[in-house]
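Pasting entry-v2.pdb here (PDB, C-alpha atoms, pLDDT in the B column):
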ATOM      1  CA  MET S   1      21.212  93.517  29.008  1.00 76.00           C
ATOM      2  CA  ASP S   2      20.706  96.935  27.426  1.00 75.00           C
ATOM      3  CA  LEU S   3      23.118  95.900  24.666  1.00 74.00           C
ATOM      4  CA  ILE S   4      21.175  92.700  23.959  1.00 79.00           C
ATOM      5  CA  MET S   5      17.847  94.513  23.965  1.00 79.00           C
ATOM      6  CA  GLY S   6      19.174  97.147  21.560  1.00 75.00           C
ATOM      7  CA  ARG S   7      18.691 100.011  24.001  1.00 77.00           C
ATOM      8  CA  ARG S   8      22.397 100.821  24.066  1.00 75.00           C
ATOM      9  CA  MET S   9      25.194 100.769  21.543  1.00 77.00           C
ATOM     10  CA  PRO S  10      28.522  99.071  22.325  1.00 80.00           C
ATOM     11  CA  GLU S  11      31.533 101.228  23.167  1.00 83.00           C
ATOM     12  CA  ASN S  12      33.918 102.259  20.395  1.00 86.00           C
ATOM     13  CA  LEU S  13      31.252 102.395  17.694  1.00 89.00           C
ATOM     14  CA  SER S  14      30.816 105.463  15.523  1.00 90.00           C
ATOM     15  CA  VAL S  15      27.969 106.492  13.292  1.00 91.00           C
ATOM     16  CA  ARG S  16      29.437 108.634  10.538  1.00 92.00           C
ATOM     17  CA  PHE S  17      28.042 110.794   7.779  1.00 93.00           C
ATOM     18  CA  ARG S  18      29.032 109.833   4.264  1.00 94.00           C
ATOM     19  CA  VAL S  19      28.636 113.487   3.257  1.00 94.00           C
ATOM     20  CA  PRO S  20      28.832 115.715   6.365  1.00 93.00           C
ATOM     21  CA  LEU S  21      25.891 118.034   7.019  1.00 92.00           C
ATOM     22  CA  VAL S  22      28.066 121.150   6.614  1.00 90.00           C
ATOM     23  CA  TRP S  23      28.892 120.042   3.071  1.00 91.00           C
ATOM     24  CA  GLY S  24      25.281 119.498   2.080  1.00 92.00           C
ATOM     25  CA  GLY S  25      24.742 115.958   3.347  1.00 92.00           C
ATOM     26  CA  LYS S  26      21.236 114.992   4.409  1.00 93.00           C
ATOM     27  CA  LEU S  27      20.177 113.679   7.799  1.00 93.00           C
ATOM     28  CA  GLU S  28      19.026 110.355   6.369  1.00 93.00           C
ATOM     29  CA  ILE S  29      19.896 106.715   6.992  1.00 93.00           C
ATOM     30  CA  ASP S  30      21.345 106.440   3.482  1.00 94.00           C
ATOM     31  CA  ASN S  31      23.852 109.140   4.387  1.00 94.00           C
ATOM     32  CA  LEU S  32      25.104 107.277   7.473  1.00 94.00           C
ATOM     33  CA  PHE S  33      27.315 104.299   8.100  1.00 94.00           C
ATOM     34  CA  MET S  34      28.714 102.590  11.161  1.00 92.00           C
ATOM     35  CA  CYS S  35      32.299 101.687  11.975  1.00 92.00           C
ATOM     36  CA  MET S  36      34.635 101.274  14.938  1.00 90.00           C
ATOM     37  CA  THR S  37      35.817 104.581  16.425  1.00 90.00           C
ATOM     38  CA  PHE S  38      39.376 103.319  16.862  1.00 87.00           C
ATOM     39  CA  PRO S  39      41.055 102.795  14.522  1.00 88.00           C
ATOM     40  CA  HIS S  40      38.676 103.366  11.587  1.00 90.00           C
ATOM     41  CA  ALA S  41      36.620 106.495  12.367  1.00 91.00           C
ATOM     42  CA  HIS S  42      39.710 108.232  13.718  1.00 91.00           C
ATOM     43  CA  ASN S  43      41.715 107.389  10.599  1.00 91.00           C
ATOM     44  CA  MET S  44      38.859 108.600   8.388  1.00 92.00           C
ATOM     45  CA  ASP S  45      38.809 111.896  10.311  1.00 92.00           C
ATOM     46  CA  ARG S  46      42.562 112.243   9.758  1.00 92.00           C
ATOM     47  CA  PHE S  47      42.116 111.440   6.059  1.00 92.00           C
ATOM     48  CA  ILE S  48      39.569 114.267   5.741  1.00 93.00           C
ATOM     49  CA  ILE S  49      41.582 116.744   7.853  1.00 91.00           C
ATOM     50  CA  GLU S  50      44.654 116.145   5.657  1.00 90.00           C
ATOM     51  CA  GLN S  51      42.653 117.456   2.711  1.00 90.00           C
ATOM     52  CA  SER S  52      41.393 120.602   4.450  1.00 86.00           C
ATOM     53  CA  GLY S  53      41.788 123.631   2.198  1.00 83.00           C
ATOM     54  CA  ASN S  54      41.606 121.562  -1.007  1.00 87.00           C
ATOM     55  CA  ASP S  55      39.065 122.363  -3.704  1.00 89.00           C
ATOM     56  CA  VAL S  56      38.054 118.724  -3.984  1.00 90.00           C
ATOM     57  CA  ILE S  57      37.758 116.607  -0.856  1.00 90.00           C
ATOM     58  CA  TRP S  58      37.564 112.820  -1.040  1.00 92.00           C
ATOM     59  CA  LEU S  59      35.244 111.300   1.536  1.00 93.00           C
ATOM     60  CA  PRO S  60      35.142 107.696   2.780  1.00 91.00           C
ATOM     61  CA  ASN S  61      32.033 106.036   1.344  1.00 91.00           C
ATOM     62  CA  PRO S  62      31.833 102.319   2.176  1.00 91.00           C
ATOM     63  CA  ALA S  63      29.533 100.202   0.036  1.00 88.00           C
ATOM     64  CA  LYS S  64      27.564  98.830   2.983  1.00 88.00           C
ATOM     65  CA  LYS S  65      26.007 100.315   6.107  1.00 91.00           C
ATOM     66  CA  ILE S  66      28.626  98.778   8.377  1.00 91.00           C
ATOM     67  CA  TYR S  67      32.282  99.230   7.502  1.00 89.00           C
ATOM     68  CA  ILE S  68      34.388  96.150   8.199  1.00 83.00           C
ATOM     69  CA  PRO S  69      37.768  96.026   6.437  1.00 79.00           C
ATOM     70  CA  VAL S  70      38.457  92.825   4.531  1.00 69.00           C
ATOM     71  CA  HIS S  71      41.438  91.878   6.668  1.00 65.00           C
ATOM     72  CA  MET S  72      39.208  91.872   9.772  1.00 62.00           C
ATOM     73  CA  ALA S  73      36.273  90.045   8.233  1.00 56.00           C
ATOM     74  CA  ASN S  74      37.958  86.709   7.704  1.00 54.00           C
ATOM     75  CA  GLY S  75      41.190  84.835   8.257  1.00 51.00           C
ATOM     76  CA  GLY S  76      41.776  84.339   4.558  1.00 50.00           C
ATOM     77  CA  ASP S  77      44.242  82.125   2.859  1.00 51.00           C
ATOM     78  CA  GLY S  78      47.752  82.801   3.956  1.00 51.00           C
ATOM     79  CA  GLY S  79      49.811  81.952   0.916  1.00 54.00           C
ATOM     80  CA  ASN S  80      50.373  79.634  -1.986  1.00 55.00           C
ATOM     81  CA  ALA S  81      51.230  76.496  -0.097  1.00 55.00           C
ATOM     82  CA  THR S  82      49.489  76.917   3.251  1.00 53.00           C
ATOM     83  CA  GLU S  83      45.947  76.573   4.480  1.00 59.00           C
ATOM     84  CA  ASP S  84      45.680  79.779   6.457  1.00 64.00           C
ATOM     85  CA  ARG S  85      47.521  82.828   7.721  1.00 68.00           C
ATOM     86  CA  LEU S  86      48.517  81.176  10.989  1.00 71.00           C
ATOM     87  CA  SER S  87      50.161  78.303   9.125  1.00 70.00           C
ATOM     88  CA  GLN S  88      51.929  80.794   6.901  1.00 71.00           C
ATOM     89  CA  MET S  89      53.299  82.711   9.885  1.00 75.00           C
ATOM     90  CA  ALA S  90      54.412  79.495  11.548  1.00 75.00           C
ATOM     91  CA  ALA S  91      56.139  78.467   8.322  1.00 72.00           C
ATOM     92  CA  GLN S  92      57.898  81.848   8.107  1.00 77.00           C
ATOM     93  CA  ILE S  93      59.092  81.605  11.711  1.00 80.00           C
ATOM     94  CA  ALA S  94      60.283  78.037  11.136  1.00 77.00           C
ATOM     95  CA  THR S  95      62.139  79.138   7.999  1.00 75.00           C
ATOM     96  CA  SER S  96      63.781  82.092   9.753  1.00 78.00           C
ATOM     97  CA  ARG S  97      65.023  79.801  12.524  1.00 77.00           C
ATOM     98  CA  GLY S  98      66.260  77.145  10.131  1.00 72.00           C
ATOM     99  CA  MET S  99      63.714  74.653  11.472  1.00 64.00           C
ATOM    100  CA  GLU S 100      62.132  73.506   8.235  1.00 56.00           C
TER
ATOM    101  CA  MET D   1      34.680 121.012  40.741  1.00 82.00           C
ATOM    102  CA  ASN D   2      37.718 118.816  41.339  1.00 87.00           C
ATOM    103  CA  ALA D   3      38.903 115.611  39.679  1.00 88.00           C
ATOM    104  CA  ASN D   4      37.078 113.309  42.083  1.00 89.00           C
ATOM    105  CA  GLU D   5      33.759 115.096  41.677  1.00 91.00           C
ATOM    106  CA  PHE D   6      34.217 115.130  37.918  1.00 90.00           C
ATOM    107  CA  LEU D   7      34.920 111.393  37.789  1.00 92.00           C
ATOM    108  CA  SER D   8      32.003 110.481  40.028  1.00 92.00           C
ATOM    109  CA  LEU D   9      29.720 112.590  37.832  1.00 92.00           C
ATOM    110  CA  LEU D  10      30.964 110.734  34.757  1.00 91.00           C
ATOM    111  CA  LYS D  11      30.627 107.345  36.421  1.00 91.00           C
ATOM    112  CA  SER D  12      26.991 108.106  37.167  1.00 91.00           C
ATOM    113  CA  ARG D  13      26.532 108.662  33.422  1.00 88.00           C
ATOM    114  CA  GLY D  14      28.057 105.311  32.506  1.00 86.00           C
ATOM    115  CA  ALA D  15      31.631 106.289  31.641  1.00 90.00           C
ATOM    116  CA  THR D  16      34.419 103.726  31.596  1.00 91.00           C
ATOM    117  CA  ILE D  17      37.185 105.054  33.830  1.00 93.00           C
ATOM    118  CA  TYR D  18      40.579 103.421  33.247  1.00 93.00           C
ATOM    119  CA  PRO D  19      43.235 102.984  35.970  1.00 93.00           C
ATOM    120  CA  ALA D  20      45.404 105.935  36.949  1.00 93.00           C
ATOM    121  CA  ALA D  21      48.608 106.729  35.069  1.00 92.00           C
ATOM    122  CA  SER D  22      51.948 106.835  36.864  1.00 92.00           C
ATOM    123  CA  LYS D  23      53.743 110.133  37.458  1.00 93.00           C
ATOM    124  CA  ARG D  24      56.578 108.917  35.244  1.00 94.00           C
ATOM    125  CA  ASP D  25      54.218 108.242  32.318  1.00 93.00           C
ATOM    126  CA  ILE D  26      52.684 111.694  32.685  1.00 93.00           C
ATOM    127  CA  GLU D  27      56.131 113.320  32.739  1.00 94.00           C
ATOM    128  CA  LEU D  28      57.270 111.357  29.680  1.00 94.00           C
ATOM    129  CA  ALA D  29      54.105 112.220  27.742  1.00 93.00           C
ATOM    130  CA  ASN D  30      54.499 115.875  28.736  1.00 93.00           C
ATOM    131  CA  ASN D  31      58.112 115.939  27.513  1.00 93.00           C
ATOM    132  CA  ALA D  32      57.159 114.165  24.281  1.00 93.00           C
ATOM    133  CA  LEU D  33      54.469 116.764  23.613  1.00 92.00           C
ATOM    134  CA  GLN D  34      56.842 119.612  24.414  1.00 91.00           C
ATOM    135  CA  SER D  35      59.493 118.273  22.042  1.00 91.00           C
ATOM    136  CA  ARG D  36      56.872 118.207  19.277  1.00 87.00           C
ATOM    137  CA  ARG D  37      55.849 121.814  19.954  1.00 87.00           C
ATOM    138  CA  CYS D  38      52.453 120.850  21.307  1.00 90.00           C
ATOM    139  CA  ALA D  39      51.058 122.436  24.468  1.00 91.00           C
ATOM    140  CA  MET D  40      52.096 120.817  27.734  1.00 92.00           C
ATOM    141  CA  PHE D  41      49.501 119.510  30.184  1.00 92.00           C
ATOM    142  CA  PRO D  42      47.749 122.126  32.300  1.00 92.00           C
ATOM    143  CA  THR D  43      47.884 121.348  36.035  1.00 92.00           C
ATOM    144  CA  ILE D  44      44.285 120.234  36.024  1.00 91.00           C
ATOM    145  CA  PHE D  45      45.070 117.616  33.378  1.00 90.00           C
ATOM    146  CA  SER D  46      48.134 116.221  35.160  1.00 91.00           C
ATOM    147  CA  ASP D  47      45.963 115.966  38.272  1.00 92.00           C
ATOM    148  CA  LEU D  48      43.227 114.141  36.350  1.00 93.00           C
ATOM    149  CA  TYR D  49      45.747 111.631  34.975  1.00 94.00           C
ATOM    150  CA  LEU D  50      46.737 110.763  38.553  1.00 94.00           C
ATOM    151  CA  HIS D  51      43.130 109.628  39.042  1.00 93.00           C
ATOM    152  CA  THR D  52      42.506 108.036  35.651  1.00 93.00           C
ATOM    153  CA  SER D  53      44.544 107.513  32.498  1.00 92.00           C
ATOM    154  CA  ALA D  54      41.655 107.505  30.015  1.00 93.00           C
ATOM    155  CA  ILE D  55      37.901 108.015  30.008  1.00 93.00           C
ATOM    156  CA  ASN D  56      35.456 106.611  27.471  1.00 92.00           C
ATOM    157  CA  ILE D  57      31.717 106.966  26.928  1.00 91.00           C
ATOM    158  CA  GLY D  58      30.495 105.461  23.640  1.00 87.00           C
ATOM    159  CA  ASN D  59      32.631 107.175  21.027  1.00 89.00           C
ATOM    160  CA  GLY D  60      33.745 109.992  23.342  1.00 92.00           C
ATOM    161  CA  TYR D  61      37.332 109.643  24.533  1.00 93.00           C
ATOM    162  CA  ILE D  62      39.827 111.475  26.726  1.00 94.00           C
ATOM    163  CA  PHE D  63      43.188 110.173  25.535  1.00 94.00           C
ATOM    164  CA  PRO D  64      45.657 108.647  28.039  1.00 94.00           C
ATOM    165  CA  PRO D  65      49.353 109.576  28.467  1.00 94.00           C
ATOM    166  CA  VAL D  66      50.273 106.016  27.440  1.00 94.00           C
ATOM    167  CA  GLU D  67      48.352 103.558  25.281  1.00 93.00           C
ATOM    168  CA  VAL D  68      45.626 101.696  27.209  1.00 92.00           C
ATOM    169  CA  PRO D  69      45.099  98.056  26.162  1.00 91.00           C
ATOM    170  CA  ARG D  70      41.498  96.820  26.047  1.00 87.00           C
ATOM    171  CA  GLY D  71      41.835  93.073  25.542  1.00 84.00           C
ATOM    172  CA  VAL D  72      40.400  92.017  22.200  1.00 81.00           C
ATOM    173  CA  HIS D  73      39.328  95.565  21.373  1.00 84.00           C
ATOM    174  CA  PHE D  74      41.592  98.111  19.708  1.00 88.00           C
ATOM    175  CA  PRO D  75      43.688  99.887  22.386  1.00 92.00           C
ATOM    176  CA  ILE D  76      43.086 103.557  23.167  1.00 93.00           C
ATOM    177  CA  PRO D  77      46.043 105.379  21.597  1.00 93.00           C
ATOM    178  CA  SER D  78      48.113 107.727  23.733  1.00 94.00           C
ATOM    179  CA  ILE D  79      47.753 111.497  23.544  1.00 94.00           C
ATOM    180  CA  VAL D  80      51.313 111.604  22.165  1.00 94.00           C
ATOM    181  CA  ASP D  81      50.501 109.192  19.309  1.00 93.00           C
ATOM    182  CA  ILE D  82      47.372 111.135  18.458  1.00 93.00           C
ATOM    183  CA  ASN D  83      49.237 114.442  18.244  1.00 93.00           C
ATOM    184  CA  ILE D  84      52.222 113.020  16.358  1.00 91.00           C
ATOM    185  CA  ASN D  85      49.963 111.519  13.698  1.00 89.00           C
ATOM    186  CA  LEU D  86      47.880 114.634  13.125  1.00 89.00           C
ATOM    187  CA  PRO D  87      48.420 116.483   9.866  1.00 86.00           C
ATOM    188  CA  PRO D  88      50.297 119.746  10.583  1.00 84.00           C
ATOM    189  CA  THR D  89      47.440 122.156   9.921  1.00 86.00           C
ATOM    190  CA  PRO D  90      47.806 125.787  11.062  1.00 86.00           C
ATOM    191  CA  ALA D  91      44.538 125.482  13.005  1.00 86.00           C
ATOM    192  CA  ILE D  92      46.107 123.339  15.731  1.00 88.00           C
ATOM    193  CA  ARG D  93      49.600 124.853  15.875  1.00 89.00           C
ATOM    194  CA  GLY D  94      50.593 125.125  19.552  1.00 90.00           C
ATOM    195  CA  LYS D  95      47.573 123.114  20.673  1.00 93.00           C
ATOM    196  CA  THR D  96      47.334 119.563  21.994  1.00 94.00           C
ATOM    197  CA  VAL D  97      44.346 117.431  21.028  1.00 94.00           C
ATOM    198  CA  PHE D  98      43.207 115.596  24.151  1.00 94.00           C
ATOM    199  CA  GLY D  99      39.841 114.105  23.238  1.00 94.00           C
ATOM    200  CA  ARG D 100      37.365 113.334  20.518  1.00 93.00           C
ATOM    201  CA  ASN D 101      33.860 112.217  19.724  1.00 91.00           C
ATOM    202  CA  ASP D 102      32.116 111.645  16.405  1.00 90.00           C
ATOM    203  CA  LEU D 103      31.433 115.310  15.738  1.00 91.00           C
ATOM    204  CA  PHE D 104      34.128 117.300  17.518  1.00 93.00           C
ATOM    205  CA  TRP D 105      37.708 117.100  18.638  1.00 94.00           C
ATOM    206  CA  PHE D 106      38.923 118.863  21.766  1.00 95.00           C
ATOM    207  CA  ALA D 107      42.258 120.562  22.445  1.00 95.00           C
ATOM    208  CA  PHE D 108      44.043 122.805  24.921  1.00 94.00           C
ATOM    209  CA  ASP D 109      46.770 125.373  24.400  1.00 93.00           C
ATOM    210  CA  ALA D 110      49.746 126.450  26.485  1.00 91.00           C
ATOM    211  CA  PHE D 111      47.685 129.120  28.267  1.00 92.00           C
ATOM    212  CA  GLY D 112      45.236 126.555  29.640  1.00 89.00           C
ATOM    213  CA  THR D 113      42.405 127.524  27.295  1.00 93.00           C
ATOM    214  CA  PHE D 114      40.337 124.602  26.087  1.00 95.00           C
ATOM    215  CA  TYR D 115      38.817 124.435  22.603  1.00 95.00           C
ATOM    216  CA  MET D 116      36.126 122.559  20.749  1.00 95.00           C
ATOM    217  CA  LEU D 117      37.352 121.853  17.192  1.00 94.00           C
ATOM    218  CA  ASP D 118      35.500 120.907  14.042  1.00 92.00           C
ATOM    219  CA  ASN D 119      36.394 117.283  13.179  1.00 90.00           C
ATOM    220  CA  LEU D 120      36.582 118.051   9.436  1.00 90.00           C
ATOM    221  CA  SER D 121      39.086 120.909   9.437  1.00 89.00           C
ATOM    222  CA  LEU D 122      40.109 121.318  13.120  1.00 90.00           C
ATOM    223  CA  ARG D 123      39.090 124.974  13.156  1.00 91.00           C
ATOM    224  CA  VAL D 124      38.027 126.370  16.523  1.00 94.00           C
ATOM    225  CA  LEU D 125      34.282 126.258  17.163  1.00 94.00           C
ATOM    226  CA  ARG D 126      34.209 127.183  20.821  1.00 95.00           C
ATOM    227  CA  LYS D 127      36.515 128.261  23.669  1.00 95.00           C
ATOM    228  CA  TYR D 128      36.194 127.102  27.250  1.00 94.00           C
ATOM    229  CA  ASP D 129      37.521 128.694  30.416  1.00 91.00           C
ATOM    230  CA  ASP D 130      36.380 125.712  32.458  1.00 92.00           C
ATOM    231  CA  PRO D 131      38.396 122.569  31.554  1.00 92.00           C
ATOM    232  CA  TYR D 132      35.881 120.223  33.179  1.00 93.00           C
ATOM    233  CA  ARG D 133      33.110 121.686  31.028  1.00 94.00           C
ATOM    234  CA  ALA D 134      35.214 120.995  27.927  1.00 94.00           C
ATOM    235  CA  MET D 135      35.925 117.412  28.979  1.00 93.00           C
ATOM    236  CA  MET D 136      32.288 116.867  29.889  1.00 93.00           C
ATOM    237  CA  ASP D 137      31.136 118.135  26.472  1.00 93.00           C
ATOM    238  CA  CYS D 138      33.717 115.884  24.805  1.00 93.00           C
ATOM    239  CA  LEU D 139      32.472 112.762  26.552  1.00 92.00           C
ATOM    240  CA  ILE D 140      28.742 113.380  26.773  1.00 90.00           C
ATOM    241  CA  ALA D 141      28.493 114.060  23.031  1.00 87.00           C
ATOM    242  CA  GLY D 142      29.918 110.578  22.481  1.00 81.00           C
ATOM    243  CA  LYS D 143      27.046 108.901  24.290  1.00 79.00           C
ATOM    244  CA  PHE D 144      24.275 107.509  22.113  1.00 72.00           C
TER
END

Can you turn what I pasted into structure tokens?
Amino acid sequence: MDLIMGRRMPENLSVRFRVPLVWGGKLEIDNLFMCMTFPHAHNMDRFIIEQSGNDVIWLPNPAKKIYIPVHMANGGDGGNATEDRLSQMAAQIATSRGME
Amino acid sequence: MNANEFLSLLKSRGATIYPAASKRDIELANNALQSRRCAMFPTIFSDLYLHTSAINIGNGYIFPPVEVPRGVHFPIPSIVDININLPPTPAIRGKTVFGRNDLFWFAFDAFGTFYMLDNLSLRVLRKYDDPYRAMMDCLIAGKF
């Protein structure tokens, strides 16, 4: 009920700074975005840690307030001759087993 | 404080406690960490894993010895996976990262000292003598 009423946030959600406070980012809504902790926030942390010690550090800066990668947002078309990804996978399996 | 008291305290704060890990899984994770020159589990940690494999509050996590599936949600990666995939920075040489939240990562070393690390560079921000205090800080900071 707390989730529905907006009193609680779901598990595995992170609110991240676009520019961290220690690097001069401001504590404002425009400087924040939301994403899933695993795998996205964790991978973004790793991406930043890999650059530690560099003069220039590239920071993840999604266009919108909520980061949803394209491959998770929709099923998408699977290939040239199929309607969707599931059909494409089925076609690949059928081909590999000589069932076409 | 012991593991049971710690877990009941976390439950009262809304933590998700996952089922206990098997002794074999703990041993295998320990050996995997040792072979990668990370710190092995302190006794207190092995004991905790016999009560629960992973703990989660919001975005605060204590990582399990083996990956924990969560149905349609992304599984919680194992402590071994986390430490294998970390960039080899000098700041965490000889340490094992065991937990994270949005602002800090947490690690222990071979001497049983627990650390709060900066999530941007993994440099040490704070040392803990009390492991439960470190784990509590790790999880509570993940709660919105």

Mind dumping a table of every chain D residue within 7 Å of chain S, with the nearest atom pair and its distance in Å to one decimal, using all atoms listed in the file, sorted by chain and rising number, as a Markdown table?
| residue | atom | partner | partner_atom | distance |
| --- | --- | --- | --- | --- |
| D:Ile57 | CA | S:Glu11 | CA | 6.9 |
| D:Gly58 | CA | S:Glu11 | CA | 4.4 |
| D:Asn59 | CA | S:Asn12 | CA | 5.1 |
| D:Phe74 | CA | S:Phe38 | CA | 6.3 |
| D:Leu86 | CA | S:Arg46 | CA | 6.7 |
| D:Pro87 | CA | S:Glu50 | CA | 5.7 |
| D:Asp102 | CA | S:Ser14 | CA | 6.4 |
| D:Asn119 | CA | S:Asp45 | CA | 6.6 |
| D:Leu120 | CA | S:Ile49 | CA | 5.4 |
| D:Ser121 | CA | S:Ile49 | CA | 5.1 |
| D:Phe144 | CA | S:Met9 | CA | 6.8 |

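Taking CA of Leu32 in chain S and CA of Ile84 in chain D as endpoints, the distance between them is 29.1 Å.
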
For this session: May I ask for the distance between CA of Gly112 in chain D and CA of Pro131 in chain D, given in Å to one decimal place?
Result: 8.1 Å

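Residues surrounding range 132-136 of chain D within 8 Å are Met1, Phe6, Leu10, Ile62, Gly99, Phe106, Phe114, Tyr115 and Met116 of chain D [all atoms listed in the file; sequence separation below 6 positions excluded].
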
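Picked by the PyMOL selection byres ((chain S and resi 29) around 12) from the coordinates shown: Val15, Arg16, Phe17, Arg18, Val19, Gly25, Lys26, Leu27, Glu28, Asp30, Asn31, Leu32, Phe33, Met34, Lys64, Lys65 and Ile66 of chain S.
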
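One distance worth recording is that between CA of Phe108 in chain D and CA of Lys95 in chain D, which is 5.5 Å.
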
For this session: Quick one: everything within 12 Å of range 25-37 of chain D, counting all atoms listed in the file, minus sequence neighbours fewer than 6 positions away in the same chain. Send it as a PyMOL selection string.
Result: chain D and resi 43+45-53+63-68+78-86+88+92-98+109-110
